[in-house]
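Q: Handing over data.pdb, PDB, C-alpha atoms.
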```
ATOM      1  CA  MET R  17       0.169  16.476 -63.003
ATOM      2  CA  GLU R  18      -2.012  19.426 -64.018
ATOM      3  CA  ALA R  19      -0.496  22.837 -64.674
ATOM      4  CA  SER R  20      -2.848  24.567 -62.193
ATOM      5  CA  LYS R  21      -1.821  22.138 -59.439
ATOM      6  CA  ILE R  22       1.886  22.744 -60.187
ATOM      7  CA  LYS R  23       1.332  26.532 -60.144
ATOM      8  CA  GLU R  24      -0.361  26.210 -56.759
ATOM      9  CA  LEU R  25       2.470  24.040 -55.397
ATOM     10  CA  LEU R  26       5.097  26.453 -56.726
ATOM     11  CA  HIS R  27       3.227  29.390 -55.239
ATOM     12  CA  ASN R  28       3.123  27.684 -51.832
ATOM     13  CA  TYR R  29       6.777  26.655 -52.155
ATOM     14  CA  PHE R  30       8.076  30.154 -52.926
ATOM     15  CA  ASN R  31       5.898  31.710 -50.200
ATOM     16  CA  GLY R  32       7.279  29.199 -47.681
ATOM     17  CA  GLU R  33       3.859  27.645 -47.065
ATOM     18  CA  SER R  34       4.435  24.238 -48.669
ATOM     19  CA  THR R  35       4.433  20.982 -46.739
ATOM     20  CA  VAL R  36       7.108  18.300 -47.012
ATOM     21  CA  GLU R  37       4.756  16.176 -49.175
ATOM     22  CA  GLU R  38       4.143  19.058 -51.574
ATOM     23  CA  GLU R  39       7.879  19.676 -51.879
ATOM     24  CA  LYS R  40       8.484  15.994 -52.605
ATOM     25  CA  ALA R  41       5.701  16.083 -55.248
ATOM     26  CA  LEU R  42       7.410  19.058 -56.925
ATOM     27  CA  GLU R  43      10.782  17.313 -56.767
ATOM     28  CA  THR R  44       9.319  14.172 -58.309
ATOM     29  CA  TYR R  45       7.592  16.155 -61.045
ATOM     30  CA  PHE R  46      10.733  18.038 -62.057
ATOM     31  CA  GLN R  47      12.848  14.850 -62.033
ATOM     32  CA  SER R  48      10.333  12.939 -64.163
ATOM     33  CA  GLY R  49      11.486  14.540 -67.417
ATOM     34  CA  ASN R  50       7.892  15.363 -68.480
ATOM     35  CA  VAL R  51       8.057  19.012 -67.450
ATOM     36  CA  ALA R  52       5.775  21.465 -69.222
ATOM     37  CA  GLU R  53       7.393  24.268 -71.247
ATOM     38  CA  GLU R  54       6.217  27.014 -68.856
ATOM     39  CA  PHE R  55       7.903  25.302 -65.864
ATOM     40  CA  GLN R  56      11.269  24.513 -67.496
ATOM     41  CA  GLU R  57      12.943  27.418 -65.729
ATOM     42  CA  TYR R  58      12.346  25.726 -62.352
ATOM     43  CA  SER R  59      13.773  22.351 -63.431
ATOM     44  CA  GLU R  60      17.381  23.217 -62.694
ATOM     45  CA  LEU R  61      16.468  24.605 -59.282
ATOM     46  CA  PHE R  62      14.630  21.479 -58.141
ATOM     47  CA  ASN R  63      17.140  19.101 -59.737
ATOM     48  CA  GLY R  64      19.958  20.918 -57.951
ATOM     49  CA  ILE R  65      18.099  20.802 -54.644
ATOM     50  CA  SER R  66      17.470  17.060 -55.000
ATOM     51  CA  GLU R  67      21.146  16.425 -55.859
ATOM     52  CA  LEU R  68      22.257  18.406 -52.825
ATOM     53  CA  SER R  69      19.811  16.657 -50.538
ATOM     54  CA  ASN R  70      21.030  13.275 -51.777
ATOM     55  CA  SER R  71      24.687  14.110 -51.286
ATOM     56  CA  ILE R  72      24.333  16.009 -47.978
ATOM     57  CA  GLY R  73      21.838  15.535 -45.156
ATOM     58  CA  ASP R  74      18.796  17.837 -44.996
ATOM     59  CA  SER R  75      19.869  19.313 -41.675
ATOM     60  CA  LYS R  76      23.230  20.348 -43.145
ATOM     61  CA  ILE R  77      21.512  22.178 -46.041
ATOM     62  CA  GLU R  78      19.193  23.993 -43.663
ATOM     63  CA  GLU R  79      22.133  25.035 -41.491
ATOM     64  CA  ASP R  80      24.075  26.271 -44.530
ATOM     65  CA  VAL R  81      21.084  28.205 -45.843
ATOM     66  CA  MET R  82      20.420  29.786 -42.430
ATOM     67  CA  ASP R  83      24.106  30.705 -42.071
ATOM     68  CA  PHE R  84      24.047  32.293 -45.514
ATOM     69  CA  ILE R  85      20.871  34.257 -44.743
ATOM     70  CA  LEU R  86      22.144  35.485 -41.369
ATOM     71  CA  GLU R  87      25.526  36.441 -42.822
ATOM     72  CA  ASN R  88      23.935  38.452 -45.642
ATOM     73  CA  GLU R  89      21.480  40.045 -43.253
ATOM     74  CA  HIS R  90      24.369  41.110 -41.006
ATOM     75  CA  HIS R  91      26.274  42.571 -43.971
ATOM     76  CA  GLU R  92      23.162  44.460 -45.083
ATOM     77  CA  LYS R  93      22.625  45.966 -41.619
ATOM     78  CA  THR R  94      26.254  46.968 -41.206
ATOM     79  CA  ARG R  95      26.258  48.511 -44.667
ATOM     80  CA  TYR R  96      23.240  50.681 -43.852
ATOM     81  CA  ARG R  97      24.676  51.547 -40.436
ATOM     82  CA  TRP R  98      27.964  52.565 -42.053
ATOM     83  CA  LEU R  99      26.080  54.603 -44.665
ATOM     84  CA  TRP R 100      24.018  56.333 -41.965
ATOM     85  CA  GLN R 101      27.097  57.130 -39.887
ATOM     86  CA  THR R 102      28.863  58.537 -42.927
ATOM     87  CA  VAL R 103      25.936  60.761 -43.932
ATOM     88  CA  THR R 104      25.403  62.094 -40.397
ATOM     89  CA  GLY R 105      29.134  62.689 -39.993
ATOM     90  CA  ILE R 106      29.277  64.688 -43.214
ATOM     91  CA  ALA R 107      26.182  66.696 -42.218
ATOM     92  CA  ALA R 108      27.649  67.468 -38.802
ATOM     93  CA  SER R 109      30.937  68.549 -40.405
ATOM     94  CA  VAL R 110      29.125  70.881 -42.800
ATOM     95  CA  ILE R 111      27.172  72.441 -39.934
ATOM     96  CA  ILE R 112      30.331  72.974 -37.890
ATOM     97  CA  VAL R 113      32.191  74.523 -40.830
ATOM     98  CA  LEU R 114      29.294  76.849 -41.687
ATOM     99  CA  GLY R 115      28.870  77.831 -38.042
ATOM    100  CA  GLY R 116      32.576  78.608 -37.749
ATOM    101  CA  PHE R 117      32.534  80.614 -40.965
ATOM    102  CA  LEU R 118      29.513  82.666 -39.874
ATOM    103  CA  PHE R 119      31.027  83.259 -36.425
ATOM    104  CA  PHE R 120      34.322  84.367 -37.957
ATOM    105  CA  GLN R 121      32.508  86.635 -40.410
ATOM    106  CA  GLN R 122      30.459  88.159 -37.586
ATOM    107  CA  GLN R 123      33.627  88.883 -35.586
ATOM    108  CA  GLN R 124      35.206  90.678 -38.550
ATOM    109  CA  LYS R 125      32.415  93.244 -38.827
ATOM    110  CA  SER R 126      33.072  96.434 -36.934
ATOM    111  CA  PHE R 127      30.240  98.578 -35.716
ATOM    112  CA  ASP R 128      30.174 101.976 -37.331
ATOM    113  CA  ASP R 129      28.714 104.992 -35.625
ATOM    114  CA  THR R 130      25.571 106.269 -37.243
ATOM    115  CA  PHE R 131      26.332 109.850 -36.284
ATOM    116  CA  LYS R 132      29.566 111.730 -36.928
ATOM    117  CA  ASP R 133      28.688 114.627 -34.641
ATOM    118  CA  PRO R 134      28.098 113.777 -30.905
ATOM    119  CA  ASN R 135      25.698 116.700 -30.494
ATOM    120  CA  GLU R 136      23.532 115.365 -33.288
ATOM    121  CA  ALA R 137      23.501 111.898 -31.643
ATOM    122  CA  TYR R 138      22.547 113.479 -28.284
ATOM    123  CA  ALA R 139      19.671 115.404 -29.885
ATOM    124  CA  TYR R 140      18.389 112.255 -31.600
ATOM    125  CA  ALA R 141      18.587 110.274 -28.332
ATOM    126  CA  GLN R 142      16.620 113.013 -26.514
ATOM    127  CA  GLN R 143      13.980 112.977 -29.218
ATOM    128  CA  THR R 144      13.643 109.182 -28.964
ATOM    129  CA  ILE R 145      13.388 109.259 -25.165
ATOM    130  CA  GLN R 146      10.685 111.958 -25.333
ATOM    131  CA  PHE R 147       8.718 109.841 -27.810
ATOM    132  CA  VAL R 148       8.923 106.747 -25.561
ATOM    133  CA  SER R 149       8.080 108.834 -22.489
ATOM    134  CA  GLY R 150       4.984 110.251 -24.179
ATOM    135  CA  LYS R 151       3.729 106.770 -25.057
ATOM    136  CA  TYR R 152       4.447 105.563 -21.513
ATOM    137  CA  ASN R 153       2.568 108.468 -19.919
ATOM    138  CA  LYS R 154      -0.394 107.898 -22.229
ATOM    139  CA  GLY R 155      -0.517 104.264 -21.110
ATOM    140  CA  LEU R 156      -0.400 105.274 -17.454
ATOM    141  CA  ALA R 157      -3.279 107.718 -18.022
ATOM    142  CA  GLU R 158      -5.409 104.844 -19.263
ATOM    143  CA  LEU R 159      -4.708 102.943 -16.033
ATOM    144  CA  SER R 160      -6.385 105.710 -14.023
ATOM    145  CA  ASN R 161      -9.687 104.322 -15.288
ATOM    146  CA  PHE R 162      -8.869 101.093 -13.477
ATOM    147  CA  ASP R 163     -10.116 102.548 -10.179
ATOM    148  CA  LYS R 164     -13.493 103.256 -11.781
ATOM    149  CA  ILE R 165     -13.705  99.649 -12.996
ATOM    150  CA  ASN R 166     -12.737  98.373  -9.563
ATOM    151  CA  LYS R 167     -15.469 100.481  -7.881
ATOM    152  CA  ALA R 168     -18.043  99.237 -10.378
ATOM    153  CA  PHE R 169     -17.042  95.632  -9.735
ATOM    154  CA  LYS R 170     -17.442  95.792  -5.898
ATOM    155  CA  PRO R 171     -21.269  95.311  -5.890
ATOM    156  CA  ILE R 172     -20.958  92.400  -8.306
ATOM    157  CA  LYS R 173     -18.259  90.827  -6.158
ATOM    158  CA  LYS R 174     -20.409  91.301  -3.052
ATOM    159  CA  GLY R 175     -23.326  89.533  -4.760
ATOM    160  CA  ILE R 176     -21.177  86.618  -5.997
ATOM    161  CA  THR R 177     -19.468  85.940  -2.641
ATOM    162  CA  PRO R 178     -22.376  83.878  -1.135
ATOM    163  CA  ILE R 179     -22.570  81.797  -4.298
ATOM    164  CA  ASN R 180     -18.819  81.139  -4.184
ATOM    165  CA  ASN R 181     -19.057  80.179  -0.507
ATOM    166  CA  PHE R 182     -21.877  77.763  -1.319
ATOM    167  CA  TYR R 183     -19.842  76.062  -4.073
ATOM    168  CA  ASN R 184     -16.778  75.893  -1.818
ATOM    169  CA  SER R 185     -18.788  74.125   0.875
ATOM    170  CA  ILE R 186     -20.087  71.635  -1.703
ATOM    171  CA  GLU R 187     -16.514  70.915  -2.824
ATOM    172  CA  LYS R 188     -15.461  70.368   0.811
ATOM    173  CA  MET R 189     -18.315  67.914   1.288
ATOM    174  CA  GLU R 190     -17.296  65.999  -1.842
ATOM    175  CA  GLN R 191     -13.695  65.755  -0.651
ATOM    176  CA  GLY R 192     -14.262  64.834   2.998
ATOM    177  CA  PRO R 193     -16.248  62.048   4.645
ATOM    178  CA  ILE R 194     -19.946  62.553   5.142
ATOM    179  CA  LEU R 195     -20.575  63.364   8.817
ATOM    180  CA  PRO R 196     -23.846  63.213  10.687
ATOM    181  CA  LEU R 197     -25.614  66.534  11.195
ATOM    182  CA  GLU R 198     -24.642  66.826  14.903
ATOM    183  CA  GLU R 199     -20.925  66.445  14.067
ATOM    184  CA  VAL R 200     -21.157  69.069  11.316
ATOM    185  CA  THR R 201     -22.688  71.618  13.701
ATOM    186  CA  ASP R 202     -20.086  70.727  16.382
ATOM    187  CA  GLU R 203     -17.300  71.301  13.831
ATOM    188  CA  LYS R 204     -18.790  74.674  12.856
ATOM    189  CA  ARG R 205     -18.905  75.691  16.522
ATOM    190  CA  LYS R 206     -15.276  74.631  17.016
ATOM    191  CA  SER R 207     -14.125  76.491  13.904
ATOM    192  CA  SER R 208     -16.035  79.647  14.928
ATOM    193  CA  ASP R 209     -14.597  79.419  18.479
ATOM    194  CA  SER R 210     -11.040  79.180  17.149
ATOM    195  CA  ILE R 211     -11.542  82.264  14.969
TER     196      ILE R 211
END
```
Please rewrite the model in this file as structure tokens.
A:
Amino acid sequence: MEASKIKELLHNYFNGESTVEEEKALETYFQSGNVAEEFQEYSELFNGISELSNSIGDSKIEEDVMDFILENEHHEKTRYRWLWQTVTGIAASVIIVLGGFLFFQQQQKSFDDTFKDPNEAYAYAQQTIQFVSGKYNKGLAELSNFDKINKAFKPIKKGITPINNFYNSIEKMEQGPILPLEEVTDEKRKSSDSI
């Protein structure tokens, strides 16, 4: 058998894409004794597989292999789960300890007065309140211009009102069923009578 054909069969075999005939061809090749130097490393594998298949049925080997795979997969998952739980537990513990330490440290601090003399503190508080009051009054003075803006906006609002009414009526027509012209005028009369 040619080396390129054997490489192709081995490639298919190790990728799990080989057929039963291809696997038998590989088994036959490796049992023949005329194995090329570059494929000698696979001889023991295929000879061992053929010995196992002769001594035990194929279905038993498949079951054993699947059991082995599932068992190892389960161990791998539990190992990662255990590792994840351990890491998150340690992180949570560190956060709790640091939080407790910072809380305890915060409780130990006492607040010192910034002023020794109460009259000095009173004078400083008055000065601060006057400063805030001045800024507040300045802001209120600016709001007096709001009346001027409101007066200037009245003509614009008066001019926009018919346009807004027109768009509102269009929206009402889009939302409700389309009525014949007589029903629309009857509805307008009813609505104007109820007002």
Q: What is the atom CA of Ala19 of chain R to atom CA of Glu33 of chain R distance in Å?
A: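 Going from atom CA of Ala19 of chain R over to atom CA of Glu33 of chain R, I get 18.8 Å.
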Q: What does the distance between atom CA of Phe62 of chain R and atom CA of Gln47 of chain R come to in Å, to one decimal place?
A: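 Rounded to one decimal, the two atoms are 7.9 Å apart.
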Q: Smallest atom-to-atom distance to Glu39 of chain R: which of R:Ser66, R:Glu57, R:Ala108, R:Arg97, using only C-alpha atoms?
A: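 Smallest separation from Glu39 of chain R among the options: R:Ser66.
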Q: Calculate how many Å separate atom CA of Asn153 of chain R from atom CA of Lys167 of chain R, rounding to one decimal.
A: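 Distance reported for this atom pair: 23.1 Å.
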Q: Taking into account all atoms listed in the file, which residue in the set R:Leu99, R:Glu79, R:Ala52, R:Leu42 is nearest to His27 of chain R?
A: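 Nearest to His27 of chain R: R:Leu42.
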Q: Please list as an MDAnalysis selection string every residue within 10 Å of Phe55 of chain R, counting only C-alpha atoms and excluding residues in the same chain fewer than 2 positions away.
A: chainID R and resid 19 22:23 26 46 51:53 57:59
Q: From the set R:Glu43, R:Gly175, R:Ser34, R:Val81, which residue has the shortest atom-to-atom contact distance to Glu67 of chain R, counting all atoms listed in the file?
A: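 That would be R:Glu43, the residue with the smallest distance to Glu67 of chain R.
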Q: Please report, as JSON, the centre and edge lengths in Å to one decimal of an axis-aligned box covering all listed atoms of segment 146-150 of chain R with 4 Å per side.
A:
```
{"center_x": 7.8, "center_y": 109.4, "center_z": -25.1, "size_x": 13.7, "size_y": 13.2, "size_z": 13.3}
```
